[in-house]
Amino acid sequence: MIDIENGTKSFVGKNGDFKAVDNVTLSINDKEIFGIIGESGAGKSTLMRFINALETPDSGQVIVDGIDVKKLDKKGLRKHQKDIGMIFQQFNLLNNKTVEENIKLPLELHNYKKPLTVEDVIKFVGLDDKRDNYPAELSGGQKQRVGIARALVTRPKILLCDEPTSALDENTTDEIVDVLRKAQNEFHMTVVIVTHELNVIKQLCHRAAVLESGRLVDTIEVSNPVIDRSDKSYHERVLEVLQDA
Ligand SMILES: Nc1ncnc2c1ncn2[C@@H]1O[C@H](COP(=O)(O)OP(=O)(O)OP(=O)(O)O)[C@@H](O)[C@H]1O
Ligand SMILES: [Mg+2]
């Protein structure tokens with residue numbers, strides 16, 4: 001369970017201090033897929049980064065599995081952060097390492113109790129034939145699959161996704177949404193996803209928080225269509241979209 005209570009964070013802007021996140025209180029259930037939506041600058045990334053303490057609120061609390069993140073010492077914080085995976089809009093891969101080496105990286109940096117094998121996650125994201133390729137040789141969707149595999153290999157309790165599909169075209173977005181949904185089904189982590197793409201929320205999330213100028217204006221239960229396009233070809237998906245229209 002993730003509890004953010006009255007989380008507030010100010011930054012210095014052009015016209016003095018402003019609240020990037022303004023007194024936000026919300027709870028995210030275990031194994032939930034939770035969306036954070038809002039316009040650019042609404043405070044989505046800042047709010048999400050409270051969870052893995054990449055940002056610390058000026059006031060308010062962030063409680064993860066009963067632990068007040070602000071009160072953790074250095075060692076406690078490292079343990080907390082080890083349980084949280086993250087994927088990014090720009091993938092954040094190391095260009096001088098192969099797919100396999102990128103995925104292996106977290107396991108070389110820290111000791112994990114029950115990691116998955118690189119073999120398993122490479123197969124899971126469907127990149128078996130690309131393991132020796134470098135990021136420059138991959139499409140955007142393939143790069144994001146590497147990012148997802150790199151996060152999954154540590155078997156995170158929580159997966160934070162900051163605009164994971166915003167650099168991708170529509171069909172690739174659908175593929176990545178499918179991979180994320182399957183990952184949650186298989187590994188049962190809590191997923192928090194920041195996006196401005198409402199379709200991604202619609203297809204993936206159980207609930208979504210709406211932010212406006214740092215303030216939480218609503219938390220919405222999403223009624224999702226159960227879509228699994230994984231067995232459909234590109235051609236079939238094109239027909240589905242164009243002939244529906
Ligand atoms: N480290 C920082 N220093 C100063 N201002 C910051 C910092 N981080 C974020 N901000 C500002 O806080 C506000 C919220 O930023 P945040 O990145 O959380 O928004 P966002 O909703 O994720 O936007 P986007 O959709 O563009 O990624 C923005 O006005 C941003 O410029
Ligand atoms: Mg952002």
# chains A, B, ... in the order shown; residues from 1 in each chain; ligands from 1
>>> closest_atom_pairs(of="chain A", to="ligand 2", cutoff="8 Å", atoms="only C-alpha atoms and all ligand atoms", output="CSV")
residue,atom,partner,partner_atom_place_in_ligand_line,distance
A:Ser40,CA,ligand 2,1 (Mg),6.9
A:Gly41,CA,ligand 2,1 (Mg),6.9
A:Gly43,CA,ligand 2,1 (Mg),7.0
A:Lys44,CA,ligand 2,1 (Mg),5.6
A:Ser45,CA,ligand 2,1 (Mg),4.1
A:Thr46,CA,ligand 2,1 (Mg),7.2
A:Asp162,CA,ligand 2,1 (Mg),6.6
A:Glu163,CA,ligand 2,1 (Mg),7.1
A:Val194,CA,ligand 2,1 (Mg),7.3
A:Thr195,CA,ligand 2,1 (Mg),7.9
>>> write_last_selection(atoms="N, CA and C atoms", output="compact mmCIF listing (two decimals), in the first residue's frame")
# COMPACT_ATOMS: atom_id res chain seq x y z
N SER A 40 0.93 19.07 -18.96
CA SER A 40 2.35 19.28 -18.73
C SER A 40 2.55 20.29 -17.60
N GLY A 41 3.41 19.94 -16.66
CA GLY A 41 3.68 20.84 -15.54
C GLY A 41 2.73 20.69 -14.37
N GLY A 43 2.54 18.42 -12.23
CA GLY A 43 3.16 17.87 -11.02
C GLY A 43 3.18 16.35 -10.98
N LYS A 44 2.85 15.72 -12.10
CA LYS A 44 2.73 14.25 -12.14
C LYS A 44 4.03 13.56 -11.76
N SER A 45 5.12 13.95 -12.44
CA SER A 45 6.40 13.26 -12.20
C SER A 45 6.87 13.51 -10.77
N THR A 46 6.71 14.74 -10.32
CA THR A 46 7.15 15.07 -8.96
C THR A 46 6.41 14.21 -7.95
N ASP A 162 7.16 6.55 -15.95
CA ASP A 162 6.97 7.98 -16.26
C ASP A 162 6.88 8.17 -17.76
N GLU A 163 5.68 8.36 -18.26
CA GLU A 163 5.42 8.54 -19.69
C GLU A 163 6.08 7.43 -20.52
N VAL A 194 2.51 7.44 -14.95
CA VAL A 194 2.27 8.83 -15.29
C VAL A 194 2.16 8.94 -16.80
N THR A 195 1.10 9.54 -17.27
CA THR A 195 0.97 9.73 -18.72
C THR A 195 -0.01 10.86 -19.01
>>> select_by_dssp(residues="stretch 69-113 of chain A", states="alpha helix (DSSP H)", output="VMD selection string")
chain A and resid 74 to 82 99 to 109
>>> write_last_selection(atoms="C-alpha atoms", output="PDB file, in the first residue's frame")
ATOM      1  CA  LYS A  74      20.651   5.736   4.189  1.00  0.00           C
ATOM      2  CA  LYS A  75      20.607   1.966   4.381  1.00  0.00           C
ATOM      3  CA  GLY A  76      16.830   1.817   4.797  1.00  0.00           C
ATOM      4  CA  LEU A  77      16.407   4.140   1.851  1.00  0.00           C
ATOM      5  CA  ARG A  78      18.602   1.974  -0.367  1.00  0.00           C
ATOM      6  CA  LYS A  79      16.540  -1.095   0.576  1.00  0.00           C
ATOM      7  CA  HIS A  80      13.332   0.815  -0.132  1.00  0.00           C
ATOM      8  CA  GLN A  81      14.569   1.969  -3.537  1.00  0.00           C
ATOM      9  CA  LYS A  82      15.740  -1.526  -4.459  1.00  0.00           C
ATOM     10  CA  VAL A  99      20.406  -5.570 -24.632  1.00  0.00           C
ATOM     11  CA  GLU A 100      21.482  -8.404 -22.357  1.00  0.00           C
ATOM     12  CA  GLU A 101      24.064  -6.255 -20.555  1.00  0.00           C
ATOM     13  CA  ASN A 102      21.551  -3.450 -20.022  1.00  0.00           C
ATOM     14  CA  ILE A 103      19.067  -5.846 -18.504  1.00  0.00           C
ATOM     15  CA  LYS A 104      21.705  -7.440 -16.280  1.00  0.00           C
ATOM     16  CA  LEU A 105      22.902  -4.090 -14.955  1.00  0.00           C
ATOM     17  CA  PRO A 106      20.722  -3.750 -11.823  1.00  0.00           C
ATOM     18  CA  LEU A 107      21.790  -7.229 -10.708  1.00  0.00           C
ATOM     19  CA  GLU A 108      25.416  -6.141 -10.909  1.00  0.00           C
ATOM     20  CA  LEU A 109      24.802  -3.013  -8.849  1.00  0.00           C
TER      21      LEU A 109
END
>>> residues_around(residues="A:Gln90", least_positions_apart="3", cutoff="9 Å", atoms="only C-alpha atoms", output="PDB file with C-alpha atoms, in the first residue's frame")
ATOM      1  CA  ILE A  87      10.839   2.970 -16.616  1.00  0.00           C
ATOM      2  CA  LEU A  93      19.543   2.618 -21.703  1.00  0.00           C
ATOM      3  CA  GLY A 140      11.629   2.682 -29.833  1.00  0.00           C
ATOM      4  CA  LYS A 143      14.107  -0.092 -26.436  1.00  0.00           C
ATOM      5  CA  GLN A 144      11.181   0.265 -24.060  1.00  0.00           C
ATOM      6  CA  GLU A 163       5.419   8.536 -19.691  1.00  0.00           C
ATOM      7  CA  PRO A 164       6.505   5.080 -20.865  1.00  0.00           C
ATOM      8  CA  SER A 166       5.058   9.080 -24.978  1.00  0.00           C
ATOM      9  CA  ALA A 167       7.979   8.622 -27.365  1.00  0.00           C
TER      10      ALA A 167
END
>>> residues_around(residues="stretch 22-36 of chain A", least_positions_apart="2", cutoff="6 Å", atoms="only C-alpha atoms", output="ChimeraX atom specification")
/A:1-8,19,188-194,205-209,214-216
>>> closest_residue(among="A:Ala183, A:Ile67, A:Leu239, A:Leu47", to="ligand 1", atoms="only C-alpha atoms and all ligand atoms")
A:Leu47
>>> residues_around(residues="A:Lys114", least_positions_apart="6", cutoff="12 Å", atoms="only C-alpha atoms", output="number ranges by chain")
A: 82-83, 107, 152-157
>>> write_last_selection(atoms="C-alpha atoms", output="tab-separated table (two decimals), in the first residue's frame")
chain	number	residue	atom	x	y	z
A	82	LYS	CA	15.74	-1.53	-4.46
A	83	ASP	CA	12.14	-2.74	-4.29
A	107	LEU	CA	21.79	-7.23	-10.71
A	152	LEU	CA	11.41	-6.61	-14.02
A	153	VAL	CA	14.60	-8.59	-13.52
A	154	THR	CA	14.87	-7.33	-9.93
A	155	ARG	CA	11.29	-8.48	-9.25
A	156	PRO	CA	10.16	-5.07	-7.98
A	157	LYS	CA	7.25	-4.68	-5.58
>>> residues_around(residues="A:Ala20", least_positions_apart="4", cutoff="7 Å", atoms="only C-alpha atoms", output="PyMOL selection string")
chain A and resi 9-11+42-43+213-214
>>> write_last_selection(atoms="N, CA and C atoms", output="mmCIF file, in the first residue's frame")
data_model
loop_
_atom_site.group_PDB
_atom_site.id
_atom_site.type_symbol
_atom_site.label_atom_id
_atom_site.label_comp_id
_atom_site.auth_asym_id
_atom_site.auth_seq_id
_atom_site.Cartn_x
_atom_site.Cartn_y
_atom_site.Cartn_z
ATOM 1 N N LYS A 9 5.134 20.004 -2.399
ATOM 2 C CA LYS A 9 6.512 20.299 -2.798
ATOM 3 C C LYS A 9 6.549 21.611 -3.567
ATOM 4 N N SER A 10 7.372 22.525 -3.114
ATOM 5 C CA SER A 10 7.507 23.809 -3.803
ATOM 6 C C SER A 10 8.830 23.888 -4.540
ATOM 7 N N PHE A 11 8.841 24.589 -5.636
ATOM 8 C CA PHE A 11 10.077 24.923 -6.338
ATOM 9 C C PHE A 11 10.116 26.427 -6.526
ATOM 10 N N ALA A 42 1.772 19.757 -14.475
ATOM 11 C CA ALA A 42 0.760 19.597 -13.412
ATOM 12 C C ALA A 42 1.346 19.024 -12.124
ATOM 13 N N GLY A 43 2.538 18.421 -12.226
ATOM 14 C CA GLY A 43 3.164 17.872 -11.018
ATOM 15 C C GLY A 43 3.176 16.349 -10.975
ATOM 16 N N SER A 213 -2.397 21.838 -11.787
ATOM 17 C CA SER A 213 -1.543 22.782 -11.060
ATOM 18 C C SER A 213 -1.152 22.257 -9.685
ATOM 19 N N GLY A 214 -0.748 20.997 -9.646
ATOM 20 C CA GLY A 214 -0.259 20.417 -8.402
ATOM 21 C C GLY A 214 -1.333 19.867 -7.500
#
>>> atom_distance(atom1="atom CA of A:Gly38", atom2="atom CA of A:Lys182")
25.3 Å
>>> closest_residue(among="A:Ile220, A:Ile122, A:Cys161, A:Val69", to="ligand 1", atoms="only C-alpha atoms and all ligand atoms")
A:Cys161
>>> residues_around(residues="A:Glu119", least_positions_apart="4", cutoff="9 Å", atoms="only C-alpha atoms", output="MDAnalysis selection string")
chainID A and resid 100 123:124 128
>>> write_last_selection(atoms="C-alpha atoms", output="compact mmCIF listing (two decimals), in the first residue's frame")
# COMPACT_ATOMS: atom_id res chain seq x y z
CA GLU A 100 21.48 -8.40 -22.36
CA LYS A 123 11.90 -13.99 -23.34
CA PHE A 124 9.05 -12.33 -21.42
CA ASP A 128 15.26 -13.21 -27.43
>>> closest_residue(among="A:Leu242, A:Arg131, A:His196, A:Ile158", to="ligand 1", atoms="only C-alpha atoms and all ligand atoms")
A:His196
